[in-house]
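Dropping my_file_15.pdb in here (PDB, C-alpha atoms, pLDDT in the B column):
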ATOM      1  CA  MET A   1     172.462  87.637  97.174  1.00 37.00           C
ATOM      2  CA  THR A   2     171.976  85.462 100.260  1.00 35.00           C
ATOM      3  CA  ASP A   3     172.684  86.851 103.736  1.00 40.00           C
ATOM      4  CA  ALA A   4     175.704  84.550 104.119  1.00 37.00           C
ATOM      5  CA  ILE A   5     177.281  85.692 100.862  1.00 35.00           C
ATOM      6  CA  HIS A   6     176.504  89.325 101.655  1.00 42.00           C
ATOM      7  CA  ASP A   7     178.090  89.047 105.117  1.00 46.00           C
ATOM      8  CA  GLN A   8     181.193  87.447 103.627  1.00 41.00           C
ATOM      9  CA  SER A   9     181.423  90.243 101.056  1.00 51.00           C
ATOM     10  CA  LYS A  10     181.326  92.806 103.869  1.00 57.00           C
ATOM     11  CA  LYS A  11     184.104  91.047 105.770  1.00 59.00           C
ATOM     12  CA  ASN A  12     186.317  91.171 102.693  1.00 57.00           C
ATOM     13  CA  SER A  13     185.198  94.548 101.351  1.00 63.00           C
ATOM     14  CA  TRP A  14     188.570  96.131 102.147  1.00 58.00           C
ATOM     15  CA  ARG A  15     190.137  93.874  99.509  1.00 69.00           C
ATOM     16  CA  MET A  16     187.611  95.136  96.970  1.00 75.00           C
ATOM     17  CA  PHE A  17     188.512  98.746  97.851  1.00 75.00           C
ATOM     18  CA  ASP A  18     192.189  97.913  97.393  1.00 78.00           C
ATOM     19  CA  ARG A  19     191.347  96.851  93.832  1.00 82.00           C
ATOM     20  CA  ILE A  20     189.429 100.005  92.920  1.00 77.00           C
ATOM     21  CA  ALA A  21     191.512 102.539  94.882  1.00 76.00           C
ATOM     22  CA  ASP A  22     193.106 104.149  91.817  1.00 80.00           C
ATOM     23  CA  THR A  23     189.776 105.062  90.222  1.00 79.00           C
ATOM     24  CA  TYR A  24     187.671 105.448  93.383  1.00 76.00           C
ATOM     25  CA  ASP A  25     187.573 109.261  93.541  1.00 80.00           C
ATOM     26  CA  ILE A  26     186.778 109.858  89.883  1.00 82.00           C
ATOM     27  CA  VAL A  27     184.045 107.204  89.893  1.00 81.00           C
ATOM     28  CA  ASN A  28     182.519 108.781  93.023  1.00 79.00           C
ATOM     29  CA  ARG A  29     182.308 112.207  91.383  1.00 84.00           C
ATOM     30  CA  LEU A  30     180.954 110.702  88.176  1.00 83.00           C
ATOM     31  CA  LEU A  31     178.305 108.426  89.674  1.00 81.00           C
ATOM     32  CA  SER A  32     177.032 110.998  92.185  1.00 85.00           C
ATOM     33  CA  PHE A  33     177.122 113.885  89.651  1.00 85.00           C
ATOM     34  CA  GLY A  34     179.209 115.706  92.265  1.00 86.00           C
ATOM     35  CA  LEU A  35     176.419 115.576  94.858  1.00 92.00           C
ATOM     36  CA  ASP A  36     178.623 113.687  97.306  1.00 92.00           C
ATOM     37  CA  VAL A  37     180.706 116.847  97.812  1.00 93.00           C
ATOM     38  CA  ARG A  38     177.580 118.789  98.782  1.00 95.00           C
ATOM     39  CA  TRP A  39     176.561 116.023 101.200  1.00 96.00           C
ATOM     40  CA  ARG A  40     180.019 115.990 102.800  1.00 95.00           C
ATOM     41  CA  LYS A  41     179.814 119.756 103.325  1.00 96.00           C
ATOM     42  CA  LYS A  42     176.479 119.261 105.072  1.00 97.00           C
ATOM     43  CA  VAL A  43     178.277 116.974 107.534  1.00 98.00           C
ATOM     44  CA  ASN A  44     180.485 119.939 108.459  1.00 98.00           C
ATOM     45  CA  GLU A  45     177.415 122.000 109.379  1.00 97.00           C
ATOM     46  CA  LEU A  46     176.477 119.362 111.958  1.00 98.00           C
ATOM     47  CA  LEU A  47     179.861 119.144 113.688  1.00 98.00           C
ATOM     48  CA  PRO A  48     179.969 120.309 117.330  1.00 97.00           C
ATOM     49  CA  GLN A  49     180.122 124.082 117.681  1.00 94.00           C
ATOM     50  CA  LYS A  50     183.300 124.319 119.751  1.00 95.00           C
ATOM     51  CA  ASP A  51     187.017 125.010 119.520  1.00 96.00           C
ATOM     52  CA  ASN A  52     189.737 122.350 119.256  1.00 97.00           C
ATOM     53  CA  ILE A  53     187.579 119.555 117.870  1.00 98.00           C
ATOM     54  CA  ARG A  54     189.228 116.140 118.004  1.00 98.00           C
ATOM     55  CA  LEU A  55     187.900 114.300 114.940  1.00 98.00           C
ATOM     56  CA  LEU A  56     187.892 110.621 113.995  1.00 98.00           C
ATOM     57  CA  ASP A  57     186.914 109.686 110.442  1.00 98.00           C
ATOM     58  CA  LEU A  58     186.153 105.966 110.134  1.00 98.00           C
ATOM     59  CA  ALA A  59     186.242 104.089 106.808  1.00 95.00           C
ATOM     60  CA  THR A  60     188.148 107.146 105.626  1.00 96.00           C
ATOM     61  CA  GLY A  61     189.064 105.609 102.266  1.00 93.00           C
ATOM     62  CA  THR A  62     191.013 108.139 100.221  1.00 95.00           C
ATOM     63  CA  ALA A  63     190.371 110.745 102.945  1.00 96.00           C
ATOM     64  CA  ASP A  64     187.762 112.773 101.027  1.00 95.00           C
ATOM     65  CA  GLN A  65     185.619 113.504 104.081  1.00 97.00           C
ATOM     66  CA  VAL A  66     188.366 114.310 106.575  1.00 98.00           C
ATOM     67  CA  LEU A  67     190.203 116.490 104.046  1.00 98.00           C
ATOM     68  CA  LEU A  68     187.099 118.495 103.222  1.00 97.00           C
ATOM     69  CA  LEU A  69     186.274 119.032 106.899  1.00 98.00           C
ATOM     70  CA  CYS A  70     189.784 120.109 107.841  1.00 98.00           C
ATOM     71  CA  ASN A  71     189.965 122.463 104.849  1.00 97.00           C
ATOM     72  CA  ILE A  72     186.766 124.340 105.722  1.00 97.00           C
ATOM     73  CA  ASN A  73     186.503 124.034 109.508  1.00 97.00           C
ATOM     74  CA  GLU A  74     189.153 125.931 111.478  1.00 96.00           C
ATOM     75  CA  ASN A  75     187.836 124.513 114.763  1.00 97.00           C
ATOM     76  CA  ILE A  76     189.294 121.064 114.041  1.00 98.00           C
ATOM     77  CA  SER A  77     192.581 120.839 115.928  1.00 97.00           C
ATOM     78  CA  ASP A  78     193.527 117.302 114.941  1.00 97.00           C
ATOM     79  CA  ALA A  79     191.989 114.474 112.971  1.00 98.00           C
ATOM     80  CA  ILE A  80     192.576 110.759 112.502  1.00 98.00           C
ATOM     81  CA  GLY A  81     191.331 108.835 109.490  1.00 98.00           C
ATOM     82  CA  MET A  82     191.102 105.043 109.775  1.00 98.00           C
ATOM     83  CA  ASP A  83     190.501 102.380 107.156  1.00 96.00           C
ATOM     84  CA  LEU A  84     191.336  98.718 106.564  1.00 95.00           C
ATOM     85  CA  SER A  85     192.236  99.252 102.905  1.00 92.00           C
ATOM     86  CA  GLU A  86     195.922 100.097 102.621  1.00 94.00           C
ATOM     87  CA  GLY A  87     195.474 100.901  98.934  1.00 93.00           C
ATOM     88  CA  MET A  88     192.913 103.596  99.748  1.00 92.00           C
ATOM     89  CA  LEU A  89     195.031 104.929 102.615  1.00 96.00           C
ATOM     90  CA  GLU A  90     198.091 105.334 100.381  1.00 96.00           C
ATOM     91  CA  ILE A  91     196.124 107.535  97.996  1.00 96.00           C
ATOM     92  CA  GLY A  92     194.678 109.418 100.949  1.00 96.00           C
ATOM     93  CA  LYS A  93     198.134 110.080 102.390  1.00 97.00           C
ATOM     94  CA  ASP A  94     199.255 111.596  99.084  1.00 97.00           C
ATOM     95  CA  LYS A  95     196.196 113.862  99.086  1.00 96.00           C
ATOM     96  CA  VAL A  96     196.825 114.961 102.678  1.00 97.00           C
ATOM     97  CA  LYS A  97     200.439 115.784 101.823  1.00 97.00           C
ATOM     98  CA  LYS A  98     199.449 117.796  98.746  1.00 97.00           C
ATOM     99  CA  SER A  99     196.928 119.712 100.869  1.00 96.00           C
ATOM    100  CA  ASN A 100     199.625 120.630 103.425  1.00 96.00           C
ATOM    101  CA  LEU A 101     197.536 119.163 106.239  1.00 97.00           C
ATOM    102  CA  THR A 102     199.965 116.555 107.560  1.00 96.00           C
ATOM    103  CA  LYS A 103     200.236 118.421 110.887  1.00 96.00           C
ATOM    104  CA  ILE A 104     196.480 118.074 111.445  1.00 97.00           C
ATOM    105  CA  ILE A 105     195.470 114.820 109.713  1.00 98.00           C
ATOM    106  CA  GLN A 106     196.921 111.412 110.459  1.00 98.00           C
ATOM    107  CA  LEU A 107     195.813 108.391 108.430  1.00 98.00           C
ATOM    108  CA  GLN A 108     196.233 104.889 109.811  1.00 97.00           C
ATOM    109  CA  LYS A 109     194.967 101.356 109.434  1.00 96.00           C
ATOM    110  CA  GLY A 110     192.060 100.777 111.779  1.00 96.00           C
ATOM    111  CA  ASP A 111     188.888  98.723 112.153  1.00 96.00           C
ATOM    112  CA  ALA A 112     185.533 100.429 112.744  1.00 96.00           C
ATOM    113  CA  VAL A 113     184.358  97.355 114.669  1.00 97.00           C
ATOM    114  CA  ASN A 114     187.319  97.462 117.076  1.00 97.00           C
ATOM    115  CA  ILE A 115     188.433 101.083 117.154  1.00 97.00           C
ATOM    116  CA  PRO A 116     192.030 101.352 118.415  1.00 95.00           C
ATOM    117  CA  ALA A 117     191.407 104.387 120.623  1.00 96.00           C
ATOM    118  CA  ASP A 118     190.792 105.242 124.265  1.00 95.00           C
ATOM    119  CA  GLU A 119     187.374 105.877 125.730  1.00 97.00           C
ATOM    120  CA  GLY A 120     186.174 109.455 125.297  1.00 97.00           C
ATOM    121  CA  GLY A 121     189.061 110.460 123.064  1.00 96.00           C
ATOM    122  CA  PHE A 122     187.098 112.289 120.335  1.00 98.00           C
ATOM    123  CA  ASP A 123     184.600 115.135 120.092  1.00 98.00           C
ATOM    124  CA  ALA A 124     183.249 113.985 116.727  1.00 98.00           C
ATOM    125  CA  ILE A 125     183.221 110.848 114.615  1.00 98.00           C
ATOM    126  CA  THR A 126     182.362 110.829 110.938  1.00 98.00           C
ATOM    127  CA  ILE A 127     181.861 107.894 108.619  1.00 98.00           C
ATOM    128  CA  SER A 128     180.752 108.519 105.045  1.00 96.00           C
ATOM    129  CA  PHE A 129     179.447 105.726 102.813  1.00 93.00           C
ATOM    130  CA  GLY A 130     181.269 103.179 104.960  1.00 94.00           C
ATOM    131  CA  ILE A 131     178.917 101.938 107.667  1.00 97.00           C
ATOM    132  CA  ARG A 132     177.100  99.561 105.315  1.00 94.00           C
ATOM    133  CA  ASN A 133     180.423  97.776 104.633  1.00 92.00           C
ATOM    134  CA  VAL A 134     181.043  97.111 108.340  1.00 95.00           C
ATOM    135  CA  PRO A 135     180.515  93.401 109.169  1.00 93.00           C
ATOM    136  CA  ASP A 136     179.116  94.104 112.667  1.00 97.00           C
ATOM    137  CA  VAL A 137     177.225  97.404 112.560  1.00 97.00           C
ATOM    138  CA  PRO A 138     175.796  97.320 116.129  1.00 98.00           C
ATOM    139  CA  LYS A 139     179.255  96.717 117.593  1.00 98.00           C
ATOM    140  CA  SER A 140     180.715  99.507 115.469  1.00 98.00           C
ATOM    141  CA  MET A 141     178.055 101.874 116.806  1.00 98.00           C
ATOM    142  CA  ARG A 142     178.846 100.872 120.394  1.00 98.00           C
ATOM    143  CA  GLU A 143     182.523 101.500 119.680  1.00 98.00           C
ATOM    144  CA  MET A 144     181.719 104.966 118.327  1.00 98.00           C
ATOM    145  CA  HIS A 145     179.781 105.693 121.503  1.00 98.00           C
ATOM    146  CA  ARG A 146     182.688 104.449 123.625  1.00 98.00           C
ATOM    147  CA  VAL A 147     185.391 106.619 122.056  1.00 98.00           C
ATOM    148  CA  LEU A 148     183.275 109.788 121.955  1.00 98.00           C
ATOM    149  CA  SER A 149     183.480 112.327 124.751  1.00 97.00           C
ATOM    150  CA  VAL A 150     180.301 113.338 126.590  1.00 97.00           C
ATOM    151  CA  GLY A 151     178.434 115.716 124.304  1.00 96.00           C
ATOM    152  CA  GLY A 152     180.305 114.350 121.275  1.00 97.00           C
ATOM    153  CA  LYS A 153     178.626 113.532 117.987  1.00 98.00           C
ATOM    154  CA  ALA A 154     178.661 110.653 115.560  1.00 98.00           C
ATOM    155  CA  LEU A 155     177.776 111.834 112.038  1.00 98.00           C
ATOM    156  CA  ILE A 156     177.050 109.004 109.634  1.00 98.00           C
ATOM    157  CA  LEU A 157     176.502 109.787 105.951  1.00 97.00           C
ATOM    158  CA  GLU A 158     175.048 106.857 104.048  1.00 96.00           C
ATOM    159  CA  PHE A 159     172.948 106.071 101.008  1.00 94.00           C
ATOM    160  CA  SER A 160     169.242 105.519 101.580  1.00 95.00           C
ATOM    161  CA  LEU A 161     166.091 105.068  99.504  1.00 94.00           C
ATOM    162  CA  PRO A 162     163.709 107.982  98.738  1.00 95.00           C
ATOM    163  CA  LYS A 163     160.151 107.866 100.097  1.00 94.00           C
ATOM    164  CA  ASN A 164     158.599 109.379  96.975  1.00 96.00           C
ATOM    165  CA  PRO A 165     157.601 106.347  94.834  1.00 96.00           C
ATOM    166  CA  VAL A 166     158.523 107.957  91.503  1.00 97.00           C
ATOM    167  CA  ILE A 167     161.945 109.154  92.688  1.00 95.00           C
ATOM    168  CA  ARG A 168     162.457 105.805  94.425  1.00 94.00           C
ATOM    169  CA  TRP A 169     161.735 103.898  91.193  1.00 96.00           C
ATOM    170  CA  GLY A 170     164.155 106.065  89.227  1.00 94.00           C
ATOM    171  CA  HIS A 171     166.824 105.746  91.897  1.00 92.00           C
ATOM    172  CA  LEU A 172     166.500 101.954  92.042  1.00 93.00           C
ATOM    173  CA  PHE A 173     166.748 101.756  88.240  1.00 94.00           C
ATOM    174  CA  TYR A 174     169.943 103.825  88.425  1.00 92.00           C
ATOM    175  CA  LEU A 175     171.385 101.663  91.219  1.00 90.00           C
ATOM    176  CA  ARG A 176     170.580  98.359  89.525  1.00 92.00           C
ATOM    177  CA  TYR A 177     171.484  99.101  85.928  1.00 93.00           C
ATOM    178  CA  ILE A 178     173.364 102.373  85.338  1.00 92.00           C
ATOM    179  CA  LEU A 179     175.683 102.488  88.354  1.00 88.00           C
ATOM    180  CA  PRO A 180     177.131  98.946  87.984  1.00 88.00           C
ATOM    181  CA  LEU A 181     177.690  99.463  84.256  1.00 91.00           C
ATOM    182  CA  VAL A 182     179.369 102.875  84.452  1.00 89.00           C
ATOM    183  CA  GLY A 183     181.328 102.041  87.602  1.00 85.00           C
ATOM    184  CA  GLY A 184     182.502  98.776  86.099  1.00 87.00           C
ATOM    185  CA  LEU A 185     183.551 100.360  82.809  1.00 89.00           C
ATOM    186  CA  VAL A 186     185.549 103.155  84.447  1.00 83.00           C
ATOM    187  CA  SER A 187     187.153 101.045  87.180  1.00 83.00           C
ATOM    188  CA  GLY A 188     187.453  97.785  85.246  1.00 85.00           C
ATOM    189  CA  ASP A 189     185.876  96.003  88.239  1.00 84.00           C
ATOM    190  CA  PHE A 190     182.224  95.165  87.547  1.00 83.00           C
ATOM    191  CA  GLN A 191     181.977  92.969  90.640  1.00 85.00           C
ATOM    192  CA  ALA A 192     182.786  95.874  92.961  1.00 80.00           C
ATOM    193  CA  TYR A 193     179.982  98.055  91.640  1.00 82.00           C
ATOM    194  CA  ARG A 194     177.459  95.217  91.628  1.00 84.00           C
ATOM    195  CA  TYR A 195     178.315  94.839  95.313  1.00 85.00           C
ATOM    196  CA  LEU A 196     177.749  98.572  95.817  1.00 81.00           C
ATOM    197  CA  ASN A 197     174.222  98.306  94.449  1.00 82.00           C
ATOM    198  CA  THR A 198     173.213  95.281  96.516  1.00 89.00           C
ATOM    199  CA  SER A 199     174.773  96.677  99.707  1.00 89.00           C
ATOM    200  CA  ILE A 200     172.770  99.903  99.384  1.00 91.00           C
ATOM    201  CA  GLU A 201     169.459  98.125  98.863  1.00 91.00           C
ATOM    202  CA  ALA A 202     170.063  95.656 101.697  1.00 92.00           C
ATOM    203  CA  PHE A 203     171.113  98.194 104.318  1.00 95.00           C
ATOM    204  CA  PRO A 204     168.660  99.637 106.920  1.00 96.00           C
ATOM    205  CA  TYR A 205     167.916 103.343 106.706  1.00 96.00           C
ATOM    206  CA  GLY A 206     165.663 105.995 108.206  1.00 96.00           C
ATOM    207  CA  GLU A 207     163.996 105.198 111.524  1.00 97.00           C
ATOM    208  CA  GLU A 208     165.290 101.621 111.491  1.00 97.00           C
ATOM    209  CA  PHE A 209     168.864 102.899 111.452  1.00 98.00           C
ATOM    210  CA  CYS A 210     168.075 105.541 114.105  1.00 98.00           C
ATOM    211  CA  THR A 211     166.779 102.776 116.371  1.00 98.00           C
ATOM    212  CA  MET A 212     170.077 100.930 115.981  1.00 98.00           C
ATOM    213  CA  LEU A 213     171.954 104.042 117.109  1.00 98.00           C
ATOM    214  CA  ARG A 214     169.712 104.388 120.166  1.00 98.00           C
ATOM    215  CA  ASP A 215     170.287 100.739 121.009  1.00 98.00           C
ATOM    216  CA  ALA A 216     174.037 101.465 120.915  1.00 98.00           C
ATOM    217  CA  GLY A 217     173.664 104.074 123.676  1.00 98.00           C
ATOM    218  CA  PHE A 218     172.978 107.314 121.795  1.00 98.00           C
ATOM    219  CA  THR A 219     169.978 109.096 123.310  1.00 90.00           C
ATOM    220  CA  THR A 220     169.568 111.994 120.881  1.00 97.00           C
ATOM    221  CA  VAL A 221     169.402 110.758 117.285  1.00 98.00           C
ATOM    222  CA  THR A 222     168.246 112.745 114.250  1.00 98.00           C
ATOM    223  CA  SER A 223     168.139 111.831 110.563  1.00 98.00           C
ATOM    224  CA  HIS A 224     168.754 114.449 107.880  1.00 98.00           C
ATOM    225  CA  PRO A 225     167.723 113.209 104.393  1.00 97.00           C
ATOM    226  CA  VAL A 226     169.526 114.936 101.513  1.00 97.00           C
ATOM    227  CA  SER A 227     168.687 115.103  97.799  1.00 95.00           C
ATOM    228  CA  PHE A 228     165.174 113.674  98.163  1.00 95.00           C
ATOM    229  CA  GLY A 229     166.423 110.897 100.447  1.00 95.00           C
ATOM    230  CA  ILE A 230     169.028 109.455  98.097  1.00 94.00           C
ATOM    231  CA  ALA A 231     171.355 109.766 101.083  1.00 96.00           C
ATOM    232  CA  THR A 232     170.874 110.529 104.775  1.00 98.00           C
ATOM    233  CA  ILE A 233     173.091 112.051 107.464  1.00 98.00           C
ATOM    234  CA  TYR A 234     172.456 110.524 110.884  1.00 98.00           C
ATOM    235  CA  GLU A 235     173.348 112.753 113.833  1.00 98.00           C
ATOM    236  CA  ALA A 236     173.816 110.900 117.146  1.00 98.00           C
ATOM    237  CA  ILE A 237     174.876 112.604 120.374  1.00 98.00           C
ATOM    238  CA  LYS A 238     176.503 110.950 123.398  1.00 98.00           C
ATOM    239  CA  GLU A 239     174.964 112.350 126.571  1.00 94.00           C
TER     240      GLU A 239
END
Here is the file; what I need is its structure written in the form of structure tokens.
Amino acid sequence: MTDAIHDQSKKNSWRMFDRIADTYDIVNRLLSFGLDVRWRKKVNELLPQKDNIRLLDLATGTADQVLLLCNINENISDAIGMDLSEGMLEIGKDKVKKSNLTKIIQLQKGDAVNIPADEGGFDAITISFGIRNVPDVPKSMREMHRVLSVGGKALILEFSLPKNPVIRWGHLFYLRYILPLVGGLVSGDFQAYRYLNTSIEAFPYGEEFCTMLRDAGFTTVTSHPVSFGIATIYEAIKE
């Protein structure tokens, strides 16, 4: 895929997520063998250790991450989940209602590149498996820095590639051949899961991604690889 085509796909990725919204959660559990739930719980361990956390979850999708955090972390006083896909948000709103968390969680349409929020309004920002779909990643990072309070954290969970050559080979085989086939069969949208594969392989990870966060204004940045580096949680603090 050329850079131009890839960039255009990222700009229109919300339309793709509208198409696959109905099957998104089940495909996630299936393709990750349930590991994504473990990774999302690890994000909770890295949240600021304080009372009355104001949380923003970007690219919230069907609200998996924000729901999990609010269910297990009593220190979160209020949370906003933002996404451009209205189809994903509608499913997320139903899940929030069923979880009896409507007083804590608010879902709304919002762009991670131009976050509709005041400066310093949040203690923590999470974005899980969404940053690689953002058309302007450096600007999104600067926006995260802007809306965080001093001492606040951005926690970014994203796929990465393992360093071990054997595990890396197996993971790439899975991404290129198994994932698009299974995802396409279950969702009925083969194009969406071919995009998923190419977006993962094309996206920066590890120290390269940490450098981008530092360039956006974060001074303390740490990467936490999970499951042999299949995914990584990036912890960035605004000082």
Expand the PyMOL selection byres ((chain A and resi 227-238) around 9) into the individual residues it matches in the shown file, reporting them as JSON, numbers by chain.
{"A": [35, 39, 42, 43, 46, 128, 145, 146, 148, 149, 150, 151, 152, 153, 154, 155, 156, 157, 158, 159, 160, 161, 162, 163, 164, 167, 168, 171, 205, 206, 209, 210, 213, 214, 217, 218, 219, 220, 221, 222, 223, 224, 225, 226, 239]}
Care to translate the PyMOL selection byres ((chain A and resi 197-204) around 12) into actual residues of this file, as a PyMOL selection string?
chain A and resi 1-3+5-10+13+31+129-135+137-138+158-162+168+171-181+183-184+190-196+205-213+230-232
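Relative to atom CA of A:Ile72, atom CA of A:Phe122 is found at 18.9 Å.
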Report, in Å to a single decimal, how far apart atom CA of A:Ile80 and atom CA of A:Asp51 are.
16.8 Å
What lies within 7 Å of A:Ile76 using all atoms listed in the file, ignoring chain neighbours under 6 positions off, as a ChimeraX atom specification?
/A:52-55,70
Report the residues retrieved by the PyMOL selection byres ((chain A and resi 139) around 9) from the displayed file, expressed as a count of residues only.
12
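The space separating atom CA of A:Thr62 from atom CA of A:Ser99 comes to 13.0 Å.
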Using all atoms listed in the file, pick whichever of A:Glu86, A:Asp18, A:Glu74, A:Asp64 has the shortest atom-to-atom distance to A:Arg40.
A:Asp64
Pick from A:Val147, A:Ile105, A:Ile115, A:Val182: nearest to A:Ala59, with all atoms listed in the file counted?
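Of A:Val147, A:Ile105, A:Ile115, A:Val182, the one nearest A:Ala59, counting all atoms listed in the file, is A:Ile115.
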A:Pro116, A:Leu68, A:Arg38, A:Lys95 ranked by distance to A:Met82, top pick (using only C-alpha atoms):
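Closest to A:Met82, using only C-alpha atoms: A:Pro116.
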When you count all atoms listed in the file, which of these residues is closest to A:Ile91: A:Thr60, A:Leu47, A:Glu119, A:Gly188?
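Comparing A:Thr60, A:Leu47, A:Glu119, A:Gly188 against A:Ile91, the winner is A:Thr60.
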I'd like to know which of A:Asp118, A:Asn71, A:Leu58, A:Met88 is closest to A:Thr102, using all atoms listed in the file.
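Closest to A:Thr102 of all the choices is A:Asn71.
Among the candidate residues A:Pro48, A:Gln106, A:Val186, A:Asp215, the one lying nearest to A:Val27 is A:Val186, with distances computed using all atoms listed in the file.
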